[in-house]
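Reading through the structure tokens given below for one structure.
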Amino acid sequence: MASSLKHRTLSSAIVEQLRQSILDGTHEAGTQLRQDFLAEQYGVSRIPVREALFQLEAEGLVRIIPHKGAVVSGLSLEEINDVFDLRLMLEPRLLAQSGPRLAAKDFERVDEVHAAFSAAIAARDTSQFGVLNARFHLALYARAELPRTEGIVAGLLQVSERYTRLQLATLPAMRRAESDHAHLRTLCREGAFAEACDFLRDHIEAVRGDLVRMVAEKLGMVGDKAEAAGL
């Protein structure tokens, strides 16, 4: 039991380190992540490294390829559409349930995260964009009392962190995200929850649209291919 817990703890630490290295571009798309090299680098056996790679595969950051091992995943239009379709279905449901139950302390938390998000934008601290974006959304859903749905959405927000950093690569996009979050917070404070849910859908769809265009450009998709991807 103790050995299993030790491996689990090591695996979690390795997951966090590798996740950040992938998100900040240290390990670029297509990079092979060799278990033996990583085990030596972290001073551990291959067991926690293997567990970490399986976790990153579940998050969509890594692909396990037969006879090749773990490879950092590339940008994917299919993944973007899958993640954002699910977000569109689940997040308005969470907000509709949570919004009327939000108390003063909950709004203090929302304000705190929004202020941190604004500070990260002012500092151009891209490493915090995805994390704080997720925290803001989850703070609004905190009173939904739908733990399974919240868990799924938390996972979706984590998976999309790499895309959030890409989408917020320009100052206009950063400012729009900041403005959208502020407006969503205001609608919830005013008790306009139906309007807030509609605005949330528009916000998620707009982010998806930005990402699809940006990734399509990176992949060199034009004409019929871009149209098929939803452009």
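Each chain of the structure tokens is named A, B, ... in the order shown, its residues numbered from 1; ligands are numbered from 1 in display order.
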
- Message: Would you pick out the contacts of segment 24-40 of chain A at 6 Å or less, using only C-alpha atoms, so that residues sharing its chain but fewer than 2 positions from it are not included, and give the list as a ChimeraX atom specification?
- Response: /A:20-22,42-46,70-74

Keeping only all heavy atoms, take the residues you just selected and write them out as a JSON list (two decimals), in the first residue's frame.
```json
[["chain", "number", "residue", "atom", "x", "y", "z"],
["A", 20, "GLN", "N", 3.21, 21.29, -17.58],
["A", 20, "GLN", "CA", 3.68, 22.66, -17.76],
["A", 20, "GLN", "C", 4.69, 22.77, -18.88],
["A", 20, "GLN", "O", 4.71, 23.76, -19.63],
["A", 20, "GLN", "CB", 4.27, 23.18, -16.44],
["A", 20, "GLN", "CG", 3.25, 23.42, -15.35],
["A", 20, "GLN", "CD", 2.09, 24.29, -15.82],
["A", 20, "GLN", "OE1", 2.28, 25.33, -16.44],
["A", 20, "GLN", "NE2", 0.86, 23.85, -15.54],
["A", 21, "SER", "N", 5.56, 21.77, -19.02],
["A", 21, "SER", "CA", 6.56, 21.79, -20.10],
["A", 21, "SER", "C", 5.90, 21.71, -21.47],
["A", 21, "SER", "O", 6.38, 22.31, -22.43],
["A", 21, "SER", "CB", 7.55, 20.62, -19.93],
["A", 21, "SER", "OG", 8.31, 20.77, -18.77],
["A", 22, "ILE", "N", 4.80, 20.98, -21.56],
["A", 22, "ILE", "CA", 4.06, 20.90, -22.83],
["A", 22, "ILE", "C", 3.32, 22.22, -23.08],
["A", 22, "ILE", "O", 3.35, 22.76, -24.19],
["A", 22, "ILE", "CB", 3.08, 19.71, -22.81],
["A", 22, "ILE", "CG1", 3.86, 18.39, -22.79],
["A", 22, "ILE", "CG2", 2.15, 19.76, -24.02],
["A", 22, "ILE", "CD1", 2.99, 17.17, -22.52],
["A", 42, "TYR", "N", 14.16, 12.51, -13.65],
["A", 42, "TYR", "CA", 13.46, 12.77, -12.39],
["A", 42, "TYR", "C", 13.99, 11.93, -11.24],
["A", 42, "TYR", "O", 13.56, 12.11, -10.10],
["A", 42, "TYR", "CB", 11.96, 12.53, -12.56],
["A", 42, "TYR", "CG", 11.28, 13.53, -13.47],
["A", 42, "TYR", "CD1", 10.60, 13.11, -14.61],
["A", 42, "TYR", "CD2", 11.32, 14.89, -13.19],
["A", 42, "TYR", "CE1", 9.98, 14.01, -15.44],
["A", 42, "TYR", "CE2", 10.70, 15.81, -14.03],
["A", 42, "TYR", "CZ", 10.04, 15.37, -15.15],
["A", 42, "TYR", "OH", 9.42, 16.28, -15.98],
["A", 43, "GLY", "N", 14.90, 11.00, -11.52],
["A", 43, "GLY", "CA", 15.47, 10.16, -10.47],
["A", 43, "GLY", "C", 14.47, 9.19, -9.87],
["A", 43, "GLY", "O", 14.46, 8.97, -8.65],
["A", 44, "VAL", "N", 13.64, 8.61, -10.73],
["A", 44, "VAL", "CA", 12.61, 7.67, -10.27],
["A", 44, "VAL", "C", 12.65, 6.43, -11.15],
["A", 44, "VAL", "O", 13.35, 6.38, -12.16],
["A", 44, "VAL", "CB", 11.20, 8.30, -10.32],
["A", 44, "VAL", "CG1", 11.13, 9.53, -9.43],
["A", 44, "VAL", "CG2", 10.81, 8.67, -11.76],
["A", 45, "SER", "N", 11.85, 5.43, -10.79],
["A", 45, "SER", "CA", 11.70, 4.26, -11.64],
["A", 45, "SER", "C", 10.78, 4.62, -12.81],
["A", 45, "SER", "O", 10.18, 5.70, -12.85],
["A", 45, "SER", "CB", 11.12, 3.09, -10.85],
["A", 45, "SER", "OG", 9.74, 3.31, -10.59],
["A", 46, "ARG", "N", 10.62, 3.70, -13.74],
["A", 46, "ARG", "CA", 9.77, 3.97, -14.90],
["A", 46, "ARG", "C", 8.28, 3.87, -14.56],
["A", 46, "ARG", "O", 7.44, 4.35, -15.32],
["A", 46, "ARG", "CB", 10.11, 2.99, -16.03],
["A", 46, "ARG", "CG", 11.51, 3.21, -16.58],
["A", 46, "ARG", "CD", 11.89, 2.18, -17.62],
["A", 46, "ARG", "NE", 11.00, 2.21, -18.77],
["A", 46, "ARG", "CZ", 11.19, 1.47, -19.86],
["A", 46, "ARG", "NH1", 12.23, 0.65, -19.94],
["A", 46, "ARG", "NH2", 10.35, 1.54, -20.89],
["A", 70, "ALA", "N", 5.30, 7.48, -26.10],
["A", 70, "ALA", "CA", 4.53, 8.71, -25.87],
["A", 70, "ALA", "C", 5.07, 9.85, -26.72],
["A", 70, "ALA", "O", 6.27, 10.10, -26.76],
["A", 70, "ALA", "CB", 4.60, 9.09, -24.40],
["A", 71, "VAL", "N", 4.14, 10.54, -27.39],
["A", 71, "VAL", "CA", 4.49, 11.67, -28.25],
["A", 71, "VAL", "C", 3.57, 12.83, -27.89],
["A", 71, "VAL", "O", 2.36, 12.64, -27.70],
["A", 71, "VAL", "CB", 4.33, 11.31, -29.74],
["A", 71, "VAL", "CG1", 4.59, 12.52, -30.62],
["A", 71, "VAL", "CG2", 5.26, 10.16, -30.11],
["A", 72, "VAL", "N", 4.12, 14.04, -27.79],
["A", 72, "VAL", "CA", 3.31, 15.22, -27.48],
["A", 72, "VAL", "C", 2.31, 15.46, -28.61],
["A", 72, "VAL", "O", 2.67, 15.50, -29.79],
["A", 72, "VAL", "CB", 4.20, 16.47, -27.29],
["A", 72, "VAL", "CG1", 3.34, 17.72, -27.05],
["A", 72, "VAL", "CG2", 5.16, 16.26, -26.13],
["A", 73, "SER", "N", 1.03, 15.61, -28.26],
["A", 73, "SER", "CA", -0.03, 15.79, -29.25],
["A", 73, "SER", "C", 0.09, 17.14, -29.94],
["A", 73, "SER", "O", 0.52, 18.14, -29.35],
["A", 73, "SER", "CB", -1.40, 15.71, -28.59],
["A", 73, "SER", "OG", -1.59, 14.45, -27.99],
["A", 74, "GLY", "N", -0.34, 17.17, -31.19],
["A", 74, "GLY", "CA", -0.40, 18.43, -31.92],
["A", 74, "GLY", "C", -1.73, 19.11, -31.72],
["A", 74, "GLY", "O", -2.63, 18.59, -31.05]]
```

- Message: Using Å and a single decimal, report how far atom CA of Leu157 of chain A sits from atom CA of Cys197 of chain A.
- Response: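 Separation between atom CA of Cys197 of chain A and atom CA of Leu157 of chain A: 17.5 Å.
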
- Item | Option closest in space to Leu102 of chain A, from A:Leu23, A:Cys188, A:Met174, A:Ala119 [counting only C-alpha atoms] |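 Under the stated criterion, the closest residue is A:Cys188.
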
- Task: Pick out the residues sitting within 12 Å of Asp85 of chain A, and hand them over as a ChimeraX atom specification; count only C-alpha atoms, and ignore anything fewer than 2 positions along from it in its own chain.
- Result: /A:78-83,87-92,153,156,201,204-205,207-209

- From the DSSP assignment of the backbone, select every residue of segment 10-224 of chain A that is helix (DSSP H, G or I), and format the answer as an MDAnalysis selection string. chainID A and resid 10:23 35:42 46:58 77:101 104:122 126:140 147:159 161:167 171:189 193:218 223:224

Name the residues in contact with Asp210 of chain A at a cut-off of 12 Å, using only C-alpha atoms, excluding same-chain residues fewer than 6 positions from it; report them as a CSV table (one decimal) with C-alpha atoms, in the first residue's frame.
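Result written to out-v3.csv:
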```csv
chain,number,residue,atom,x,y,z
A,77,LEU,CA,-9.6,21.0,-34.8
A,80,ILE,CA,-11.4,21.8,-30.1
A,81,ASN,CA,-14.9,21.1,-31.5
A,84,PHE,CA,-16.3,23.2,-26.9
A,163,TYR,CA,-5.8,26.3,-26.6
A,164,THR,CA,-6.6,29.1,-24.1
A,165,ARG,CA,-3.0,30.3,-24.2
A,166,LEU,CA,-3.1,30.2,-28.0
A,167,GLN,CA,-6.4,32.1,-28.2
A,168,LEU,CA,-5.2,34.8,-25.8
A,169,ALA,CA,-2.0,35.4,-27.8
A,170,THR,CA,-3.1,39.0,-28.8
A,172,PRO,CA,-7.4,42.5,-28.2
A,173,ALA,CA,-8.2,38.8,-27.4
A,176,ARG,CA,-12.1,40.8,-24.8
A,177,ALA,CA,-11.8,37.9,-22.4
A,203,HIS,CA,-18.6,33.7,-25.0
A,204,ILE,CA,-17.8,30.0,-25.3
A,216,ALA,CA,-6.8,26.1,-39.2
A,217,GLU,CA,-4.2,28.8,-40.2
A,230,GLY,CA,-16.6,24.9,-39.2
A,231,LEU,CA,-15.0,28.2,-40.5
```

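With atom CA of Leu94 of chain A on one side and atom CA of Asp198 of chain A on the other, the separation reads 12.7 Å.
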
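Between atom CA of His114 of chain A and atom CA of Ala194 of chain A the separation is 21.3 Å.
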
- Gly191 of chain A environment, 8 Å, only C-alpha atoms, sequence neighbours closer than 2 positions dropped, as a list in words: Gly99, Pro100, Leu187, Cys188, Arg189 and Phe193 of chain A
